[in-house]
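S.K.: Below is the file run26.cif, which contains mmCIF, C-alpha atoms (C1' of nucleotides).
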data_input
loop_
_atom_site.group_PDB
_atom_site.id
_atom_site.type_symbol
_atom_site.label_atom_id
_atom_site.label_comp_id
_atom_site.auth_asym_id
_atom_site.auth_seq_id
_atom_site.Cartn_x
_atom_site.Cartn_y
_atom_site.Cartn_z
ATOM 1 C CA MET A 1 0.000 0.000 0.000
ATOM 2 C CA LYS A 2 1.136 3.544 -0.677
ATOM 3 C CA ARG A 3 1.856 5.508 2.470
ATOM 4 C CA ASN A 4 1.726 9.204 3.126
ATOM 5 C CA THR A 5 4.895 10.670 4.525
ATOM 6 C CA TRP A 6 5.752 14.234 5.375
ATOM 7 C CA GLN A 7 8.778 13.914 3.086
ATOM 8 C CA ARG A 8 6.765 13.306 -0.034
ATOM 9 C CA GLU A 9 4.473 16.188 0.830
ATOM 10 C CA ALA A 10 7.443 18.448 1.563
ATOM 11 C CA VAL A 11 8.930 17.726 -1.850
ATOM 12 C CA ARG A 12 5.617 18.487 -3.515
ATOM 13 C CA GLU A 13 5.353 21.799 -1.702
ATOM 14 C CA ALA A 14 8.937 22.745 -2.360
ATOM 15 C CA LEU A 15 8.424 22.008 -6.028
ATOM 16 C CA GLU A 16 5.241 24.045 -6.171
ATOM 17 C CA SER A 17 6.931 27.021 -4.553
ATOM 18 C CA SER A 18 9.749 26.960 -7.097
ATOM 19 C CA GLU A 19 10.016 29.237 -10.072
ATOM 20 C CA GLY A 20 10.773 27.432 -13.283
ATOM 21 C CA PHE A 21 12.465 24.088 -13.520
ATOM 22 C CA VAL A 22 14.724 22.836 -10.778
ATOM 23 C CA SER A 23 17.079 19.931 -10.539
ATOM 24 C CA ALA A 24 16.735 17.318 -7.838
ATOM 25 C CA GLN A 25 20.014 18.469 -6.339
ATOM 26 C CA ALA A 26 18.975 22.098 -6.255
ATOM 27 C CA LEU A 27 15.650 21.273 -4.671
ATOM 28 C CA HIS A 28 17.366 19.121 -2.095
ATOM 29 C CA SER A 29 19.859 21.766 -1.061
ATOM 30 C CA ARG A 30 17.147 24.399 -0.844
ATOM 31 C CA MET A 31 15.127 22.109 1.390
ATOM 32 C CA ARG A 32 18.118 21.448 3.596
ATOM 33 C CA ASP A 33 18.608 25.171 4.046
ATOM 34 C CA THR A 34 15.086 26.021 5.043
ATOM 35 C CA GLU A 35 12.961 23.102 6.070
ATOM 36 C CA SER A 36 13.658 19.977 8.025
ATOM 37 C CA PRO A 37 16.451 17.700 6.871
ATOM 38 C CA ILE A 38 15.621 15.246 4.129
ATOM 39 C CA GLY A 39 17.729 12.703 2.304
ATOM 40 C CA LEU A 40 18.880 13.259 -1.240
ATOM 41 C CA ALA A 41 17.774 9.823 -2.353
ATOM 42 C CA THR A 42 14.328 10.556 -0.988
ATOM 43 C CA VAL A 43 14.075 13.718 -3.069
ATOM 44 C CA TYR A 44 15.001 11.760 -6.166
ATOM 45 C CA ARG A 45 12.416 9.118 -5.390
ATOM 46 C CA ALA A 46 9.689 11.635 -4.634
ATOM 47 C CA LEU A 47 10.343 13.548 -7.843
ATOM 48 C CA ALA A 48 10.304 10.400 -9.953
ATOM 49 C CA SER A 49 7.083 9.391 -8.275
ATOM 50 C CA LEU A 50 5.458 12.770 -8.868
ATOM 51 C CA ALA A 51 6.553 12.744 -12.485
ATOM 52 C CA SER A 52 5.186 9.302 -13.204
ATOM 53 C CA ALA A 53 1.946 10.215 -11.473
ATOM 54 C CA GLY A 54 1.594 13.155 -13.819
ATOM 55 C CA GLU A 55 1.905 15.692 -11.034
ATOM 56 C CA ALA A 56 5.201 17.051 -12.304
ATOM 57 C CA ASP A 57 6.811 17.811 -15.648
ATOM 58 C CA SER A 58 10.328 16.738 -16.316
ATOM 59 C CA LEU A 59 12.806 17.573 -19.020
ATOM 60 C CA GLN A 60 16.449 16.817 -19.558
ATOM 61 C CA GLN A 61 18.987 19.531 -20.074
ATOM 62 C CA ASP A 62 22.698 18.816 -20.382
ATOM 63 C CA GLY A 63 23.091 15.725 -18.324
ATOM 64 C CA GLU A 64 20.474 16.343 -15.685
ATOM 65 C CA SER A 65 16.744 16.042 -15.183
ATOM 66 C CA LEU A 66 14.784 19.139 -14.270
ATOM 67 C CA TYR A 67 11.363 19.089 -12.632
ATOM 68 C CA ARG A 68 8.460 21.416 -12.265
ATOM 69 C CA ALA A 69 5.067 21.141 -10.622
ATOM 70 C CA CYS A 70 2.268 20.558 -13.091
ATOM 71 C CA THR A 71 -0.388 23.186 -12.960
ATOM 72 C CA THR A 72 -2.644 22.408 -15.865
ATOM 73 C CA SER A 73 -3.164 19.006 -17.368
ATOM 74 C CA HIS A 74 -0.788 19.226 -20.288
ATOM 75 C CA HIS A 75 1.253 22.016 -21.706
ATOM 76 C CA HIS A 76 4.680 22.938 -23.013
ATOM 77 C CA HIS A 77 7.363 25.414 -22.082
ATOM 78 C CA LEU A 78 9.184 28.440 -23.327
ATOM 79 C CA ILE A 79 12.462 28.526 -21.456
ATOM 80 C CA CYS A 80 15.191 31.149 -21.262
ATOM 81 C CA ARG A 81 18.558 29.563 -21.964
ATOM 82 C CA ASN A 82 20.277 32.107 -19.769
ATOM 83 C CA CYS A 83 18.206 32.773 -16.666
ATOM 84 C CA GLY A 84 15.861 29.793 -16.712
ATOM 85 C CA LEU A 85 12.670 31.851 -16.811
ATOM 86 C CA THR A 86 9.884 29.508 -17.810
ATOM 87 C CA ILE A 87 6.574 30.332 -19.422
ATOM 88 C CA GLU A 88 3.875 27.749 -19.868
ATOM 89 C CA ILE A 89 2.331 27.603 -23.283
ATOM 90 C CA GLU A 90 -0.720 25.844 -24.564
ATOM 91 C CA ALA A 91 -0.617 24.381 -28.005
ATOM 92 C CA ASP A 92 -3.638 22.397 -28.970
ATOM 93 C CA ALA A 93 -2.527 22.547 -32.574
ATOM 94 C CA VAL A 94 0.738 20.867 -31.700
ATOM 95 C CA GLU A 95 -1.028 18.180 -29.697
ATOM 96 C CA ALA A 96 -3.220 17.354 -32.639
ATOM 97 C CA TRP A 97 -0.291 17.413 -35.023
ATOM 98 C CA ALA A 98 1.685 14.972 -32.893
ATOM 99 C CA ARG A 99 -1.200 12.552 -32.741
ATOM 100 C CA THR A 100 -1.741 12.776 -36.464
ATOM 101 C CA VAL A 101 1.891 12.246 -37.349
ATOM 102 C CA ALA A 102 2.122 9.215 -35.084
ATOM 103 C CA ALA A 103 -1.020 7.674 -36.493
ATOM 104 C CA GLU A 104 0.079 8.264 -40.082
ATOM 105 C CA HIS A 105 3.118 6.114 -39.507
ATOM 106 C CA GLY A 106 1.346 3.381 -37.622
ATOM 107 C CA PHE A 107 2.605 4.422 -34.207
ATOM 108 C CA THR A 108 0.485 3.879 -31.143
ATOM 109 C CA GLN A 109 0.599 5.284 -27.617
ATOM 110 C CA PRO A 110 2.058 8.579 -28.775
ATOM 111 C CA SER A 111 3.696 11.002 -26.400
ATOM 112 C CA HIS A 112 5.798 13.987 -27.269
ATOM 113 C CA VAL A 113 8.433 16.382 -26.118
ATOM 114 C CA VAL A 114 7.954 19.948 -27.237
ATOM 115 C CA ASP A 115 9.980 22.730 -25.704
ATOM 116 C CA VAL A 116 11.056 26.066 -27.069
ATOM 117 C CA PHE A 117 14.280 27.650 -25.885
ATOM 118 C CA GLY A 118 15.479 31.181 -26.402
ATOM 119 C CA LEU A 119 16.669 34.306 -24.666
ATOM 120 C CA CYS A 120 14.035 36.188 -22.746
ATOM 121 C CA GLY A 121 13.623 39.925 -23.209
ATOM 122 C CA ALA A 122 15.784 40.872 -20.240
ATOM 123 C CA CYS A 123 18.612 38.513 -21.165
ATOM 124 C CA SER A 124 18.444 39.615 -24.781
ATOM 125 C CA ARG A 125 19.011 43.205 -23.734
ATOM 126 C CA ALA A 126 21.720 42.249 -21.237
ATOM 127 C CA GLN A 127 23.641 40.460 -23.930
ATOM 128 C CA ALA A 128 23.673 43.404 -26.300
ATOM 129 C CA MET B 1 43.387 26.324 -36.802
ATOM 130 C CA LYS B 2 41.040 23.386 -37.328
ATOM 131 C CA ARG B 3 42.782 20.284 -38.561
ATOM 132 C CA ASN B 4 41.456 17.342 -40.509
ATOM 133 C CA THR B 5 42.067 13.987 -38.921
ATOM 134 C CA TRP B 6 41.046 10.528 -40.026
ATOM 135 C CA GLN B 7 39.344 10.062 -36.654
ATOM 136 C CA ARG B 8 36.878 12.886 -37.115
ATOM 137 C CA GLU B 9 36.064 11.626 -40.581
ATOM 138 C CA ALA B 10 35.678 8.059 -39.308
ATOM 139 C CA VAL B 11 33.177 9.207 -36.699
ATOM 140 C CA ARG B 12 31.216 11.099 -39.320
ATOM 141 C CA GLU B 13 31.080 8.033 -41.560
ATOM 142 C CA ALA B 14 30.175 5.676 -38.737
ATOM 143 C CA LEU B 15 27.382 8.011 -37.738
ATOM 144 C CA GLU B 16 26.076 8.245 -41.291
ATOM 145 C CA SER B 17 26.020 4.483 -41.647
ATOM 146 C CA SER B 18 23.992 4.088 -38.467
ATOM 147 C CA GLU B 19 20.289 3.481 -38.335
ATOM 148 C CA GLY B 20 18.464 5.729 -35.925
ATOM 149 C CA PHE B 21 20.038 7.392 -32.952
ATOM 150 C CA VAL B 22 23.135 5.987 -31.319
ATOM 151 C CA SER B 23 24.933 6.785 -28.107
ATOM 152 C CA ALA B 24 28.567 7.783 -28.081
ATOM 153 C CA GLN B 25 29.418 4.585 -26.275
ATOM 154 C CA ALA B 26 27.587 2.407 -28.782
ATOM 155 C CA LEU B 27 29.215 4.148 -31.717
ATOM 156 C CA HIS B 28 32.613 3.764 -30.100
ATOM 157 C CA SER B 29 32.257 0.049 -29.490
ATOM 158 C CA ARG B 30 30.993 -0.545 -33.005
ATOM 159 C CA MET B 31 33.987 1.327 -34.375
ATOM 160 C CA ARG B 32 36.351 -0.700 -32.229
ATOM 161 C CA ASP B 33 34.870 -3.884 -33.610
ATOM 162 C CA THR B 34 35.139 -3.028 -37.264
ATOM 163 C CA GLU B 35 37.415 -0.165 -38.046
ATOM 164 C CA SER B 36 40.708 0.983 -36.707
ATOM 165 C CA PRO B 37 41.005 1.645 -32.990
ATOM 166 C CA ILE B 38 39.863 5.027 -31.778
ATOM 167 C CA GLY B 39 39.672 6.525 -28.316
ATOM 168 C CA LEU B 40 36.396 6.944 -26.511
ATOM 169 C CA ALA B 41 37.158 10.540 -25.614
ATOM 170 C CA THR B 42 37.785 11.271 -29.267
ATOM 171 C CA VAL B 43 34.389 9.913 -30.229
ATOM 172 C CA TYR B 44 32.747 12.154 -27.639
ATOM 173 C CA ARG B 45 34.647 15.166 -28.914
ATOM 174 C CA ALA B 46 33.886 14.428 -32.542
ATOM 175 C CA LEU B 47 30.185 13.983 -31.850
ATOM 176 C CA ALA B 48 29.976 17.199 -29.857
ATOM 177 C CA SER B 49 31.790 18.982 -32.647
ATOM 178 C CA LEU B 50 29.491 17.583 -35.326
ATOM 179 C CA ALA B 51 26.432 18.498 -33.295
ATOM 180 C CA SER B 52 27.516 22.080 -32.731
ATOM 181 C CA ALA B 53 28.400 22.415 -36.397
ATOM 182 C CA GLY B 54 24.860 21.384 -37.275
ATOM 183 C CA GLU B 55 25.992 18.183 -38.969
ATOM 184 C CA ALA B 56 24.346 15.952 -36.392
ATOM 185 C CA ASP B 57 21.164 15.909 -34.339
ATOM 186 C CA SER B 58 21.282 15.105 -30.696
ATOM 187 C CA LEU B 59 18.648 14.299 -28.150
ATOM 188 C CA GLN B 60 18.737 13.150 -24.569
ATOM 189 C CA GLN B 61 17.029 10.014 -23.426
ATOM 190 C CA ASP B 62 17.298 8.741 -19.875
ATOM 191 C CA GLY B 63 20.672 9.956 -18.826
ATOM 192 C CA GLU B 64 22.521 9.788 -22.108
ATOM 193 C CA SER B 65 22.927 11.769 -25.296
ATOM 194 C CA LEU B 66 22.037 10.140 -28.577
ATOM 195 C CA TYR B 67 23.297 11.311 -31.949
ATOM 196 C CA ARG B 68 22.290 10.970 -35.533
ATOM 197 C CA ALA B 69 23.710 12.291 -38.782
ATOM 198 C CA CYS B 70 21.741 15.211 -40.176
ATOM 199 C CA THR B 71 20.403 14.557 -43.609
ATOM 200 C CA THR B 72 18.211 17.509 -44.343
ATOM 201 C CA SER B 73 18.644 20.920 -42.865
ATOM 202 C CA HIS B 74 16.131 20.753 -40.061
ATOM 203 C CA HIS B 75 13.549 18.233 -39.082
ATOM 204 C CA HIS B 76 12.103 16.309 -36.190
ATOM 205 C CA HIS B 77 11.727 12.689 -35.248
ATOM 206 C CA LEU B 78 9.165 10.031 -34.619
ATOM 207 C CA ILE B 79 10.865 7.447 -32.454
ATOM 208 C CA CYS B 80 9.771 4.004 -31.317
ATOM 209 C CA ARG B 81 10.162 3.711 -27.563
ATOM 210 C CA ASN B 82 10.756 0.002 -27.847
ATOM 211 C CA CYS B 83 12.959 -0.733 -30.864
ATOM 212 C CA GLY B 84 14.391 2.699 -31.570
ATOM 213 C CA LEU B 85 13.071 2.911 -35.131
ATOM 214 C CA THR B 86 13.339 6.530 -36.188
ATOM 215 C CA ILE B 87 11.380 8.341 -38.849
ATOM 216 C CA GLU B 88 12.225 11.853 -39.892
ATOM 217 C CA ILE B 89 9.319 14.213 -40.110
ATOM 218 C CA GLU B 90 9.006 17.658 -41.547
ATOM 219 C CA ALA B 91 6.834 20.130 -39.778
ATOM 220 C CA ASP B 92 6.894 23.594 -41.194
ATOM 221 C CA ALA B 93 3.807 24.432 -39.198
ATOM 222 C CA VAL B 94 5.588 23.596 -35.978
ATOM 223 C CA GLU B 95 8.617 25.633 -36.969
ATOM 224 C CA ALA B 96 6.451 28.651 -37.578
ATOM 225 C CA TRP B 97 4.528 28.090 -34.374
ATOM 226 C CA ALA B 98 7.716 27.938 -32.306
ATOM 227 C CA ARG B 99 9.002 31.189 -33.786
ATOM 228 C CA THR B 100 5.680 32.890 -33.202
ATOM 229 C CA VAL B 101 5.366 31.761 -29.603
ATOM 230 C CA ALA B 102 8.901 32.900 -28.822
ATOM 231 C CA ALA B 103 8.373 36.287 -30.395
ATOM 232 C CA GLU B 104 5.060 36.822 -28.625
ATOM 233 C CA HIS B 105 6.819 36.581 -25.291
ATOM 234 C CA GLY B 106 9.790 38.722 -26.226
ATOM 235 C CA PHE B 107 12.182 35.824 -26.648
ATOM 236 C CA THR B 108 15.002 36.027 -29.160
ATOM 237 C CA GLN B 109 17.238 33.399 -30.734
ATOM 238 C CA PRO B 110 14.587 30.716 -30.545
ATOM 239 C CA SER B 111 15.402 27.047 -30.917
ATOM 240 C CA HIS B 112 13.212 24.132 -30.122
ATOM 241 C CA VAL B 113 13.056 20.483 -29.255
ATOM 242 C CA VAL B 114 10.210 18.594 -30.845
ATOM 243 C CA ASP B 115 10.165 14.822 -30.784
ATOM 244 C CA VAL B 116 7.294 12.383 -30.877
ATOM 245 C CA PHE B 117 7.623 9.017 -29.169
ATOM 246 C CA GLY B 118 5.390 5.999 -29.494
ATOM 247 C CA LEU B 119 5.281 2.344 -30.355
ATOM 248 C CA CYS B 120 5.810 1.525 -34.015
ATOM 249 C CA GLY B 121 3.427 -0.815 -35.805
ATOM 250 C CA ALA B 122 5.565 -3.910 -35.289
ATOM 251 C CA CYS B 123 6.139 -3.262 -31.606
ATOM 252 C CA SER B 124 2.465 -2.440 -31.093
ATOM 253 C CA ARG B 125 1.504 -5.834 -32.472
ATOM 254 C CA ALA B 126 4.248 -7.616 -30.527
ATOM 255 C CA GLN B 127 2.981 -6.124 -27.304
ATOM 256 C CA ALA B 128 -0.575 -7.296 -27.804
ATOM 257 C "C1'" DC C 1 -0.085 -1.022 21.445
ATOM 258 C "C1'" DC C 2 1.469 -4.895 17.726
ATOM 259 C "C1'" DG C 3 3.107 -6.397 13.797
ATOM 260 C "C1'" DC C 4 3.831 -6.090 9.156
ATOM 261 C "C1'" DT C 5 5.534 -3.634 5.329
ATOM 262 C "C1'" DT C 6 6.772 0.564 3.075
ATOM 263 C "C1'" DT C 7 9.780 4.287 3.241
ATOM 264 C "C1'" DT C 8 13.676 6.651 4.634
ATOM 265 C "C1'" DG C 9 18.551 8.035 4.546
ATOM 266 C "C1'" DA C 10 23.561 7.518 4.825
ATOM 267 C "C1'" DC C 11 26.697 5.600 1.996
ATOM 268 C "C1'" DA C 12 28.501 2.835 -1.719
ATOM 269 C "C1'" DA C 13 28.214 1.811 -6.491
ATOM 270 C "C1'" DT C 14 27.261 2.780 -11.149
ATOM 271 C "C1'" DG C 15 27.607 4.825 -15.539
ATOM 272 C "C1'" DA C 16 27.970 8.554 -18.723
ATOM 273 C "C1'" DT C 17 30.729 12.360 -19.638
ATOM 274 C "C1'" DT C 18 34.751 15.478 -19.036
ATOM 275 C "C1'" DA C 19 39.466 16.831 -17.536
ATOM 276 C "C1'" DT C 20 44.420 15.790 -17.638
ATOM 277 C "C1'" DC C 21 48.511 15.712 -19.992
ATOM 278 C "C1'" DA C 22 52.210 13.527 -22.389
ATOM 279 C "C1'" DA C 23 52.705 11.714 -27.002
ATOM 280 C "C1'" DT C 24 51.304 12.129 -31.748
ATOM 281 C "C1'" DA C 25 50.344 14.145 -36.026
ATOM 282 C "C1'" DG C 26 48.445 18.151 -39.246
ATOM 283 C "C1'" DC C 27 50.084 21.761 -41.891
ATOM 284 C "C1'" DG C 28 52.405 25.956 -43.131
ATOM 285 C "C1'" DT C 29 57.168 27.260 -43.585
ATOM 286 C "C1'" DT C 30 61.907 26.767 -44.815
ATOM 287 C "C1'" DA D 1 61.997 16.559 -47.109
ATOM 288 C "C1'" DA D 2 62.843 18.174 -42.663
ATOM 289 C "C1'" DC D 3 61.319 21.733 -38.952
ATOM 290 C "C1'" DG D 4 58.531 23.809 -35.715
ATOM 291 C "C1'" DC D 5 54.371 24.984 -33.836
ATOM 292 C "C1'" DT D 6 50.197 23.799 -32.021
ATOM 293 C "C1'" DA D 7 45.723 21.198 -32.410
ATOM 294 C "C1'" DT D 8 44.388 16.655 -31.551
ATOM 295 C "C1'" DT D 9 44.540 12.215 -29.776
ATOM 296 C "C1'" DG D 10 43.964 8.631 -26.241
ATOM 297 C "C1'" DA D 11 44.739 6.129 -21.840
ATOM 298 C "C1'" DT D 12 43.449 7.120 -17.533
ATOM 299 C "C1'" DA D 13 41.745 9.571 -13.662
ATOM 300 C "C1'" DA D 14 38.291 12.537 -12.047
ATOM 301 C "C1'" DT D 15 33.561 14.297 -11.832
ATOM 302 C "C1'" DC D 16 28.832 14.360 -11.225
ATOM 303 C "C1'" DA D 17 24.076 13.001 -11.397
ATOM 304 C "C1'" DT D 18 21.570 9.199 -10.336
ATOM 305 C "C1'" DT D 19 20.508 4.566 -8.457
ATOM 306 C "C1'" DG D 20 21.279 0.450 -5.419
ATOM 307 C "C1'" DT D 21 21.856 -1.326 -0.623
ATOM 308 C "C1'" DC D 22 20.154 -2.329 3.656
ATOM 309 C "C1'" DA D 23 19.458 -1.502 8.481
ATOM 310 C "C1'" DA D 24 16.664 1.647 11.115
ATOM 311 C "C1'" DA D 25 12.461 4.334 11.429
ATOM 312 C "C1'" DA D 26 7.753 5.218 10.599
ATOM 313 C "C1'" DG D 27 2.761 4.425 8.385
ATOM 314 C "C1'" DC D 28 -1.352 2.055 9.030
ATOM 315 C "C1'" DG D 29 -4.634 -1.708 9.755
ATOM 316 C "C1'" DG D 30 -5.979 -4.677 13.371
#
Could you show the structure in this file as structure tokens?

M.R.:
Amino acid sequence: MKRNTWQREAVREALESSEGFVSAQALHSRMRDTESPIGLATVYRALASLASAGEADSLQQDGESLYRACTTSHHHHLICRNCGLTIEIEADAVEAWARTVAAEHGFTQPSHVVDVFGLCGACSRAQA
Amino acid sequence: MKRNTWQREAVREALESSEGFVSAQALHSRMRDTESPIGLATVYRALASLASAGEADSLQQDGESLYRACTTSHHHHLICRNCGLTIEIEADAVEAWARTVAAEHGFTQPSHVVDVFGLCGACSRAQA
DNA sequence: CCGCTTTTGACAATGATTATCAATAGCGTT
DNA sequence: AACGCTATTGATAATCATTGTCAAAAGCGG
């Protein structure tokens, strides 16, 4: 049976109070600073559990997995390469396109990864 | 100055003769089996170089980077989760959508990651 | 409160990738 | 063709995120 622990809840709350995507390591160290001590392995397990339950998004950048609390059911992201600012975007057209493309080629159980990266307004100006 | 070495060329050829995406490790071991010996670090460097020069696609699955020779200028992929079969897909509509979304939010230098995963026809039948 | 089982957490282990650095090999020059 | 300079290679060590291990701690039903 699945049990409720304060650790799992703490990870969920920490994730929800985060801006943009965070790595498991970053979330862990932030939790160690503020809240009660929690093990690193536990953070990893809680994040994986949240992600597979559909309560968190995950994406892979460089060699690490980043997580974010899911607000709406399904959406994509516009992410600043420099500062990490993340904007959620809806794209029904893209959803439909992905399903169509998969079906056209005989693929079943389609899922997709759609993320747009760029430099946000502030970082664009800073770079100039 | 950039120099031409047989190693870099060998990696390019090995990548072009591969079906679907391959990891650096897999490409290295295949090269060790058939062609002349080459260092693992060199394969990593060559792949990174090809990817940043736009001559190879890369995507991250689980914790590793997978590479594939670029045939056309820009495209996306439909990938079988089970057997790795990869189909290249063109999606001008998605390209345009990504640029539009980025611009709407003040983002510059947009790039995007768009991949569709699923089970190919053969694997769908095998699973049933 | 008991007992059973899941979960935790400190630490070790893994596995992909990158850094190190001496030896090698392009390539322009002589 | 040999020379010199420097980019590149490659064996190995180092790094770093993530996962496995397993004894101790903590849910939860009875």

S.K.: Using only C-alpha atoms (C1' of nucleotides) and a distance of at most 12 Å, pull out the residues of chain A that contact chain C, as a list in words.

M.R.: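 Selected residues: Met1, Lys2, Arg3, Asn4, Thr5, Trp6, Gln7, Arg8, Pro37, Ile38, Gly39, Leu40, Ala41, Thr42, Val43, Tyr44, Arg45, Ala46, Asp62, Gly63 and Glu64 of chain A.
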
S.K.: Go through the shown structure with the PyMOL selection byres ((chain D) within 9 of (chain B)) and write out the matching residues as an NGL selection string.

M.R.: :D and (6-11 or 17-18)

S.K.: With C-alpha atoms (C1' of nucleotides) retained, export the selected residues as an mmCIF file, in the frame of the given file.

M.R.:
data_model
loop_
_atom_site.group_PDB
_atom_site.id
_atom_site.type_symbol
_atom_site.label_atom_id
_atom_site.label_comp_id
_atom_site.auth_asym_id
_atom_site.auth_seq_id
_atom_site.Cartn_x
_atom_site.Cartn_y
_atom_site.Cartn_z
ATOM 1 C "C1'" DT D 6 50.197 23.799 -32.021
ATOM 2 C "C1'" DA D 7 45.723 21.198 -32.410
ATOM 3 C "C1'" DT D 8 44.388 16.655 -31.551
ATOM 4 C "C1'" DT D 9 44.540 12.215 -29.776
ATOM 5 C "C1'" DG D 10 43.964 8.631 -26.241
ATOM 6 C "C1'" DA D 11 44.739 6.129 -21.840
ATOM 7 C "C1'" DA D 17 24.076 13.001 -11.397
ATOM 8 C "C1'" DT D 18 21.570 9.199 -10.336
#

S.K.: I'd like to see the residues matched by the PyMOL selection byres ((chain A) within 6 of (chain B)) on this file, and ideally I'd get them as a PyMOL selection string.

M.R.: chain A and resi 106-121

S.K.: Report the residues retrieved by the PyMOL selection byres ((chain B and resi 17) around 12) from the displayed file, expressed as a ChimeraX atom specification.

M.R.: /B:10-16,18-22,27,30-31,68-71

S.K.: If you measure from atom CA of B:Glu95 to atom CA of A:Leu85, what distance in Å do you get, rounded to one decimal?

M.R.: 21.5 Å

S.K.: Just how far from atom CA of A:Asn82 is atom CA of A:Tyr67, in Å to one decimal?

M.R.: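 These two atoms are separated by 17.3 Å.
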
S.K.: What is the atom CA of A:Ala53 to atom CA of A:His75 distance in Å?

M.R.: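 Going from atom CA of A:Ala53 over to atom CA of A:His75 covers 15.6 Å.
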
S.K.: Please enclose the listed atoms of stretch 104-115 of chain B in an axis-aligned box, pad each side by 6 Å, and write out the centre and the three edge lengths in Å, rounded to one decimal, as AutoDock Vina command-line options.

M.R.:
--center_x 11.1 --center_y 26.8 --center_z -28.1 --size_x 24.2 --size_y 35.9 --size_z 17.6
